[in-house]
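Visitor: Just protein.cif, nothing more (mmCIF, C-alpha atoms):
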data_input
#
loop_
_atom_site.label_atom_id
_atom_site.label_comp_id
_atom_site.auth_asym_id
_atom_site.auth_seq_id
_atom_site.Cartn_x
_atom_site.Cartn_y
_atom_site.Cartn_z
CA MET A 1 84.09 33.99 34.78
CA ARG A 2 85.63 35.28 31.53
CA ARG A 3 89.33 34.47 31.25
CA LEU A 4 91.72 37.28 30.24
CA PRO A 5 94.06 36.57 27.34
CA PHE A 6 97.57 35.45 28.33
CA ARG A 7 99.16 38.60 26.82
CA ARG A 8 96.82 40.81 28.89
CA LEU A 9 97.77 38.93 32.07
CA VAL A 10 101.46 39.44 31.39
CA THR A 11 100.92 43.15 30.80
CA LEU A 12 99.03 43.57 34.07
CA ALA A 13 101.69 41.67 35.99
CA THR A 14 104.42 43.81 34.49
CA LEU A 15 102.58 47.01 35.40
CA ALA A 16 102.11 45.78 38.96
CA VAL A 17 105.84 45.13 39.34
CA ILE A 18 106.65 48.59 37.95
CA GLY A 19 104.11 50.15 40.31
CA VAL A 20 105.67 48.48 43.34
CA ALA A 21 109.16 49.61 42.31
CA THR A 22 108.00 53.16 41.68
CA ALA A 23 106.21 53.36 45.02
CA GLY A 24 109.35 52.17 46.77
CA THR A 25 111.44 54.85 45.08
CA THR A 26 108.97 57.60 45.99
CA THR A 27 108.93 56.56 49.62
CA ALA A 28 112.70 56.58 49.79
CA CYS A 29 112.88 60.08 48.35
CA GLY A 30 110.33 61.34 50.82
CA ASP A 31 112.02 59.74 53.79
CA ASP A 32 115.62 60.83 53.35
CA SER A 33 115.67 63.32 50.48
CA ALA A 34 117.75 60.92 48.40
CA ALA A 35 117.10 60.23 44.74
CA GLY A 36 117.82 56.54 45.23
CA ASP A 37 120.92 54.47 44.53
CA SER A 38 121.05 55.66 40.92
CA GLY A 39 121.08 59.40 41.61
CA PRO A 40 122.49 62.06 43.89
CA VAL A 41 121.17 63.07 47.31
CA THR A 42 118.84 66.06 47.12
CA LEU A 43 119.37 68.91 49.59
CA ARG A 44 116.45 71.32 49.83
CA LEU A 45 117.72 74.64 51.18
CA GLY A 46 115.57 77.57 52.27
CA TYR A 47 116.46 81.26 52.62
CA PHE A 48 114.95 84.75 52.44
CA PRO A 49 115.67 87.07 49.49
CA ASN A 50 116.98 89.95 51.61
CA ILE A 51 120.18 91.54 52.88
CA THR A 52 120.24 89.82 56.28
CA HIS A 53 120.46 86.52 54.38
CA ALA A 54 123.32 87.77 52.21
CA PRO A 55 125.51 84.64 52.60
CA ALA A 56 122.66 82.45 51.37
CA VAL A 57 121.69 84.78 48.52
CA VAL A 58 125.28 85.20 47.33
CA GLY A 59 126.06 81.52 47.85
CA VAL A 60 123.20 80.52 45.57
CA GLU A 61 123.70 83.28 43.00
CA LYS A 62 127.43 82.68 42.66
CA GLY A 63 127.16 78.89 42.62
CA ILE A 64 129.22 78.53 45.80
CA PHE A 65 126.90 75.95 47.39
CA THR A 66 126.67 73.94 44.18
CA GLU A 67 130.46 73.83 43.93
CA LYS A 68 131.00 72.76 47.54
CA LEU A 69 128.21 70.17 47.52
CA GLY A 70 129.67 68.51 44.44
CA THR A 71 128.12 66.33 41.76
CA ASP A 72 126.78 63.78 44.25
CA VAL A 73 124.36 66.31 45.76
CA LYS A 74 121.49 68.00 43.92
CA LEU A 75 120.69 71.41 45.40
CA GLU A 76 117.08 72.61 45.38
CA THR A 77 116.37 76.07 46.80
CA LYS A 78 113.17 77.57 48.16
CA THR A 79 112.65 81.18 49.23
CA PHE A 80 110.44 82.42 52.06
CA ASN A 81 109.28 85.78 53.38
CA ALA A 82 108.54 84.72 56.95
CA GLY A 83 110.16 82.41 59.48
CA PRO A 84 107.03 80.43 60.43
CA ALA A 85 106.52 79.34 56.81
CA ALA A 86 110.09 78.08 56.57
CA ILE A 87 109.77 76.17 59.84
CA GLU A 88 106.51 74.57 58.69
CA ALA A 89 108.33 73.43 55.55
CA VAL A 90 110.98 71.79 57.75
CA PHE A 91 108.34 70.16 59.94
CA SER A 92 106.43 68.82 56.90
CA GLY A 93 109.57 67.34 55.38
CA ALA A 94 109.56 69.73 52.42
CA LEU A 95 112.81 71.40 53.52
CA ASP A 96 116.08 69.96 54.83
CA ALA A 97 117.90 73.11 55.93
CA THR A 98 117.21 76.83 56.02
CA TYR A 99 118.66 80.20 56.90
CA ILE A 100 116.40 81.75 59.51
CA GLY A 101 116.17 84.19 62.40
CA PRO A 102 116.64 83.42 66.11
CA ASN A 103 113.01 83.49 67.24
CA PRO A 104 111.73 80.95 64.66
CA THR A 105 114.75 78.82 65.53
CA VAL A 106 113.73 78.74 69.19
CA ASN A 107 110.08 78.09 68.30
CA ALA A 108 111.01 75.13 66.09
CA PHE A 109 113.21 73.63 68.79
CA SER A 110 110.57 74.20 71.47
CA LYS A 111 107.57 72.90 69.51
CA SER A 112 109.41 69.72 68.57
CA LYS A 113 110.64 69.22 72.15
CA GLY A 114 114.22 69.58 70.98
CA GLU A 115 113.95 66.96 68.25
CA ALA A 116 113.43 68.68 64.89
CA VAL A 117 116.33 71.05 64.21
CA ARG A 118 119.95 71.88 64.98
CA VAL A 119 121.85 75.13 64.45
CA ILE A 120 124.96 74.26 62.44
CA SER A 121 126.36 77.75 61.70
CA GLY A 122 125.85 81.44 62.07
CA ALA A 123 125.37 83.77 59.10
CA ALA A 124 124.76 87.39 60.09
CA SER A 125 124.67 89.82 63.02
CA GLY A 126 123.14 93.28 63.39
CA GLY A 127 121.16 95.23 60.82
CA VAL A 128 118.21 96.23 63.06
CA ALA A 129 117.11 99.63 64.37
CA LEU A 130 114.22 101.70 65.68
CA VAL A 131 113.47 104.42 63.14
CA VAL A 132 111.11 107.24 64.16
CA LYS A 133 109.74 110.55 62.94
CA PRO A 134 112.39 113.27 63.18
CA GLU A 135 110.48 115.18 65.88
CA ILE A 136 110.90 112.21 68.24
CA THR A 137 114.30 112.62 69.83
CA SER A 138 113.96 110.71 73.12
CA MET A 139 112.47 107.59 74.60
CA GLU A 140 110.01 109.66 76.67
CA GLN A 141 108.43 111.01 73.49
CA LEU A 142 107.31 107.51 72.47
CA ARG A 143 104.49 107.51 75.00
CA GLY A 144 101.16 107.48 73.17
CA ARG A 145 102.85 106.72 69.84
CA LYS A 146 102.34 103.88 67.34
CA ILE A 147 105.42 101.79 66.56
CA ALA A 148 105.42 98.96 64.02
CA THR A 149 107.19 95.59 64.14
CA PRO A 150 107.21 92.83 61.48
CA GLN A 151 105.06 90.34 63.39
CA LEU A 152 103.67 89.74 66.88
CA GLY A 153 106.26 87.75 68.80
CA ASN A 154 108.90 87.87 66.10
CA THR A 155 112.52 88.75 66.90
CA GLN A 156 112.15 92.51 66.38
CA ASP A 157 108.78 92.60 68.16
CA VAL A 158 110.35 91.02 71.23
CA ALA A 159 113.31 93.43 71.09
CA LEU A 160 111.05 96.49 70.97
CA ARG A 161 108.72 95.34 73.76
CA TYR A 162 111.60 94.38 76.04
CA TRP A 163 113.43 97.67 75.43
CA LEU A 164 110.25 99.64 76.18
CA GLN A 165 109.66 97.56 79.32
CA GLU A 166 113.19 98.30 80.49
CA LYS A 167 112.45 102.00 79.99
CA GLY A 168 109.26 101.77 82.05
CA LEU A 169 106.81 101.84 79.13
CA LYS A 170 104.11 99.17 78.99
CA THR A 171 102.77 97.35 75.93
CA THR A 172 100.11 94.67 75.39
CA LYS A 173 99.63 91.99 72.74
CA GLU A 174 96.37 93.68 71.79
CA GLY A 175 98.02 97.03 71.07
CA GLY A 176 97.31 98.77 74.36
CA GLY A 177 99.60 100.24 76.96
CA ASP A 178 101.84 103.30 76.93
CA VAL A 179 103.07 102.57 73.39
CA THR A 180 100.88 100.96 70.73
CA VAL A 181 102.82 98.20 68.97
CA VAL A 182 101.46 97.58 65.47
CA PRO A 183 102.56 94.28 63.88
CA GLN A 184 102.57 94.56 60.09
CA GLU A 185 104.59 93.41 57.09
CA ASN A 186 107.76 95.39 56.49
CA ALA A 187 106.73 96.52 53.02
CA GLN A 188 103.49 97.89 54.48
CA THR A 189 105.46 99.68 57.20
CA VAL A 190 107.25 101.83 54.62
CA GLU A 191 103.84 102.96 53.34
CA THR A 192 102.26 103.57 56.75
CA PHE A 193 105.31 105.49 57.94
CA GLY A 194 105.14 107.71 54.87
CA SER A 195 101.41 108.34 55.36
CA GLY A 196 101.82 109.15 59.07
CA ALA A 197 99.74 106.18 60.24
CA ILE A 198 102.64 105.06 62.44
CA ASP A 199 105.32 107.05 64.23
CA GLY A 200 108.17 104.61 63.81
CA ALA A 201 109.21 100.98 63.45
CA TRP A 202 111.69 98.48 64.88
CA VAL A 203 112.76 96.67 61.70
CA PRO A 204 115.68 94.90 59.97
CA GLU A 205 117.54 96.11 56.90
CA PRO A 206 116.89 97.15 54.18
CA PHE A 207 113.76 98.60 55.76
CA VAL A 208 115.79 100.64 58.24
CA SER A 209 117.44 102.41 55.30
CA ARG A 210 114.13 102.76 53.47
CA LEU A 211 112.52 104.46 56.45
CA VAL A 212 115.52 106.75 56.88
CA ASN A 213 115.27 107.67 53.21
CA ALA A 214 111.58 108.40 53.79
CA GLY A 215 112.51 111.04 56.36
CA GLY A 216 112.99 108.99 59.53
CA THR A 217 115.83 109.06 62.01
CA VAL A 218 117.43 106.20 63.94
CA LEU A 219 116.53 106.47 67.63
CA VAL A 220 117.99 103.08 68.61
CA ASP A 221 120.61 101.03 66.78
CA GLU A 222 120.04 97.59 68.27
CA ARG A 223 123.75 96.82 68.12
CA ASP A 224 124.22 99.31 70.95
CA LEU A 225 122.12 97.11 73.24
CA TRP A 226 124.36 94.03 72.94
CA PRO A 227 127.85 93.09 74.19
CA ASP A 228 130.47 93.92 71.56
CA ARG A 229 127.53 95.15 69.40
CA LYS A 230 126.93 91.58 68.23
CA PHE A 231 123.65 89.65 68.13
CA VAL A 232 122.37 86.94 65.82
CA ILE A 233 119.96 88.04 63.11
CA THR A 234 120.37 84.97 60.86
CA ASN A 235 121.70 81.46 61.44
CA LEU A 236 121.67 78.20 59.49
CA ILE A 237 119.65 75.26 60.77
CA VAL A 238 119.22 71.71 59.50
CA SER A 239 116.60 69.09 60.25
CA THR A 240 117.96 66.45 62.60
CA LYS A 241 116.52 63.77 60.33
CA PHE A 242 118.62 64.97 57.40
CA LEU A 243 121.65 65.49 59.64
CA LYS A 244 121.52 61.89 60.82
CA ALA A 245 120.89 60.50 57.33
CA HIS A 246 123.46 62.60 55.45
CA PRO A 247 126.17 64.01 57.76
CA ASP A 248 128.61 64.22 54.84
CA VAL A 249 126.20 66.46 52.92
CA VAL A 250 125.67 68.68 55.94
CA LYS A 251 129.43 69.16 56.26
CA LYS A 252 129.58 70.18 52.59
CA LEU A 253 126.73 72.63 53.21
CA VAL A 254 128.69 74.16 56.07
CA GLU A 255 131.72 74.41 53.79
CA GLY A 256 129.50 76.31 51.38
CA GLN A 257 128.31 78.65 54.14
CA VAL A 258 131.87 79.43 55.25
CA ALA A 259 132.93 80.02 51.63
CA ALA A 260 129.91 82.25 50.98
CA ASN A 261 130.69 84.36 54.06
CA GLU A 262 134.31 84.62 52.93
CA PHE A 263 133.12 85.89 49.54
CA VAL A 264 130.69 88.38 51.10
CA ASN A 265 133.34 89.77 53.43
CA THR A 266 136.17 90.01 50.89
CA LYS A 267 134.18 91.07 47.82
CA PRO A 268 131.48 93.43 49.10
CA ASP A 269 130.85 95.26 45.81
CA GLU A 270 130.44 92.04 43.85
CA SER A 271 128.28 90.58 46.62
CA GLN A 272 126.00 93.62 46.70
CA GLN A 273 125.46 93.40 42.95
CA ALA A 274 124.81 89.66 43.24
CA ILE A 275 122.15 90.31 45.89
CA SER A 276 120.47 92.93 43.70
CA ASP A 277 120.49 90.60 40.68
CA HIS A 278 119.27 87.57 42.61
CA ILE A 279 116.39 89.39 44.27
CA GLY A 280 115.46 90.70 40.82
CA LYS A 281 115.25 87.14 39.50
CA ILE A 282 112.95 86.13 42.36
CA THR A 283 110.70 89.19 42.66
CA GLY A 284 110.98 90.68 39.19
CA LYS A 285 112.50 93.86 40.59
CA PRO A 286 116.19 94.12 41.54
CA LEU A 287 116.91 95.69 44.92
CA ASP A 288 118.59 99.07 44.48
CA VAL A 289 122.34 98.59 44.91
CA LYS A 290 122.57 102.03 46.53
CA LEU A 291 120.14 100.85 49.22
CA ILE A 292 122.20 97.70 49.79
CA LYS A 293 125.38 99.77 50.14
CA GLN A 294 123.63 102.07 52.60
CA ALA A 295 122.55 99.14 54.80
CA TRP A 296 125.78 97.13 54.49
CA PRO A 297 127.82 98.78 57.30
CA THR A 298 125.16 97.89 59.89
CA LEU A 299 125.63 94.16 59.26
CA GLU A 300 128.39 91.73 60.13
CA PHE A 301 128.54 88.42 58.29
CA THR A 302 129.90 85.82 60.67
CA ASP A 303 129.98 82.04 60.93
CA ASP A 304 129.60 82.34 64.71
CA PRO A 305 125.89 81.89 65.58
CA ILE A 306 126.41 84.05 68.71
CA ALA A 307 124.47 81.56 70.82
CA SER A 308 124.51 83.76 73.92
CA SER A 309 122.40 86.39 72.15
CA LEU A 310 119.80 83.83 71.11
CA LYS A 311 119.48 82.68 74.73
CA THR A 312 119.17 86.30 75.89
CA GLY A 313 116.53 86.94 73.24
CA LEU A 314 114.55 84.00 74.61
CA ASP A 315 114.83 85.45 78.12
CA HIS A 316 113.49 88.76 76.77
CA ALA A 317 110.53 87.02 75.12
CA VAL A 318 109.72 85.33 78.43
CA ALA A 319 110.01 88.68 80.26
CA VAL A 320 107.43 90.32 77.97
CA GLU A 321 105.18 87.25 78.24
CA LEU A 322 105.35 86.27 74.58
CA THR A 323 106.68 82.76 75.23
CA GLN A 324 107.36 80.25 77.97
CA PRO A 325 110.78 79.28 79.32
CA VAL A 326 112.40 76.45 77.39
CA SER A 327 115.71 74.62 77.64
CA LEU A 328 117.98 75.11 74.63
CA ASP A 329 120.24 72.19 75.53
CA GLY A 330 121.14 70.33 72.34
CA LEU A 331 120.07 73.07 69.94
CA TYR A 332 123.59 73.67 68.60
CA ASP A 333 125.75 71.19 66.72
CA LEU A 334 128.82 73.09 65.57
CA THR A 335 130.95 70.00 64.98
CA TYR A 336 131.21 70.42 61.22
CA LEU A 337 131.58 74.18 61.42
CA ASN A 338 134.60 73.85 63.68
CA GLU A 339 136.08 71.11 61.50
CA VAL A 340 135.86 73.42 58.48
CA LEU A 341 137.20 76.44 60.37
CA LYS A 342 140.10 74.42 61.81
CA THR A 343 141.04 73.08 58.38
CA GLN A 344 141.18 76.65 57.07
CA GLY A 345 143.22 77.90 60.04
CA LYS A 346 140.35 80.05 61.33
CA THR A 347 139.23 80.54 64.92
CA GLU A 348 136.83 77.82 66.05
CA VAL A 349 133.50 78.64 67.70
CA THR A 350 132.82 77.55 71.26
CA GLN A 351 130.12 74.89 71.41
CA PRO A 352 127.32 76.23 73.67
#
Would you write the structure of this file as structure tokens?
Guide:
Amino acid sequence: MRRLPFRRLVTLATLAVIGVATAGTTTACGDDSAAGDSGPVTLRLGYFPNITHAPAVVGVEKGIFTEKLGTDVKLETKTFNAGPAAIEAVFSGALDATYIGPNPTVNAFSKSKGEAVRVISGAASGGVALVVKPEITSMEQLRGRKIATPQLGNTQDVALRYWLQEKGLKTTKEGGGDVTVVPQENAQTVETFGSGAIDGAWVPEPFVSRLVNAGGTVLVDERDLWPDRKFVITNLIVSTKFLKAHPDVVKKLVEGQVAANEFVNTKPDESQQAISDHIGKITGKPLDVKLIKQAWPTLEFTDDPIASSLKTGLDHAVAVELTQPVSLDGLYDLTYLNEVLKTQGKTEVTQP
């Protein structure tokens, strides 16, 4: 066997040691989102670039989260257009926390048997309506019509089907029944409504305002269907793995959420411009500020996750046979939210 020169042996040994050290660092980052002892913890935060995620959008655009997290935490943000994609990112370990709607929240909790996520704060309420052609002026006139929702089984799809069921109108997952429910992307719904391919849609803002501007009228403002006109449209969840590993970071994130909501509620004009600018950076086309102002009054930005409405929404999904009953015990951990609110002299939220 040919012997390697001594210098070559030393080089190979050195490379092996470096390789072992590097592998150890990579594993640590993947396991707990930390950059190792020499760097800050990394928090990967998800959100949607739309009005119902205003606290997240404004918090990122205005640097509120970065300020509250401090120099010991590196913030990485990821944007999504659909709840299932954000939840998959949480499940795969690519995301530590995300702003998301109630139905994906329930699905994540259910699929993981209550292990994967916790709701740590609310974010927004309201901002959803059924918009129809102007000649439709009553529920009875929906029979035989085509009504769009964003996705089969999503929050708005459940709301529409349950409301129709309560009114005695049947629907099926396949699009049959007294009213044909057509799941399609919101951007497509604006086009199909304009072309006459659908007769209306149960959608969130800003698509409610877009459909109204396209000639539609609001037949049902979903706020009217809920106690005190409040229901969760967006809340903030965190992976339980990250929560256990970095509770101090999660508290700072909650501080950022509360501060972002404070900004949104006290500086609406500046917030609306920030949303327009931020969406422009992400999509290449700023959202019209006039459209944001039109949609704004239908939304309430609140730190309260309105847990009762999420539970009711689950009951509705079970009633229209789009999901199975599931216990939500343990879903909420509002410890840090209430600590932050108490410190600021604000009303604490009842732990569900």
Visitor: Just want the 12 Å neighbourhood of Glu262 of chain A, counted on all atoms listed in the file, with same-chain residues fewer than 5 positions away dropped. Output as a PDB file with C-alpha atoms, keeping the file's coordinate frame.
Guide:
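File around_24.pdb, as written:
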ATOM      1  CA  ALA A  54     123.320  87.770  52.210  1.00  0.00           C
ATOM      2  CA  PRO A  55     125.510  84.640  52.600  1.00  0.00           C
ATOM      3  CA  ALA A  56     122.660  82.450  51.370  1.00  0.00           C
ATOM      4  CA  VAL A  58     125.280  85.200  47.330  1.00  0.00           C
ATOM      5  CA  GLY A  59     126.060  81.520  47.850  1.00  0.00           C
ATOM      6  CA  ILE A  64     129.220  78.530  45.800  1.00  0.00           C
ATOM      7  CA  ALA A 123     125.370  83.770  59.100  1.00  0.00           C
ATOM      8  CA  GLU A 255     131.720  74.410  53.790  1.00  0.00           C
ATOM      9  CA  GLY A 256     129.500  76.310  51.380  1.00  0.00           C
ATOM     10  CA  GLN A 257     128.310  78.650  54.140  1.00  0.00           C
ATOM     11  CA  LYS A 267     134.180  91.070  47.820  1.00  0.00           C
ATOM     12  CA  PRO A 268     131.480  93.430  49.100  1.00  0.00           C
ATOM     13  CA  SER A 271     128.280  90.580  46.620  1.00  0.00           C
ATOM     14  CA  GLU A 300     128.390  91.730  60.130  1.00  0.00           C
ATOM     15  CA  PHE A 301     128.540  88.420  58.290  1.00  0.00           C
ATOM     16  CA  THR A 302     129.900  85.820  60.670  1.00  0.00           C
ATOM     17  CA  ASP A 303     129.980  82.040  60.930  1.00  0.00           C
ATOM     18  CA  LEU A 341     137.200  76.440  60.370  1.00  0.00           C
ATOM     19  CA  GLN A 344     141.180  76.650  57.070  1.00  0.00           C
ATOM     20  CA  LYS A 346     140.350  80.050  61.330  1.00  0.00           C
TER      21      LYS A 346
END
Visitor: Could you list the residues chosen by the PyMOL selection byres ((chain A and resi 215-218) around 6) in this structure as a ChimeraX atom specification?
Guide: /A:130-134,211-214,219-220
Visitor: Out of A:Trp202, A:Phe207, A:Phe65, A:Tyr99, which residue has the shortest atom-to-atom distance to Gln294 of chain A when counting all atoms listed in the file?
Guide: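 Checking each candidate against Gln294 of chain A, we get A:Phe207 as the closest.
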Visitor: State, in Å with one decimal place, the distance from atom CA of Asp72 of chain A to atom CA of Val41 of chain A.
Guide: 6.4 Å
Visitor: Skip Lys111 of chain A itself and residues of its chain fewer than 3 positions away, then list as a ChimeraX atom specification all residues within 12 Å of it, counting only C-alpha atoms.
Guide: /A:84,87-88,91,104-108,114-117,323-324,326-328
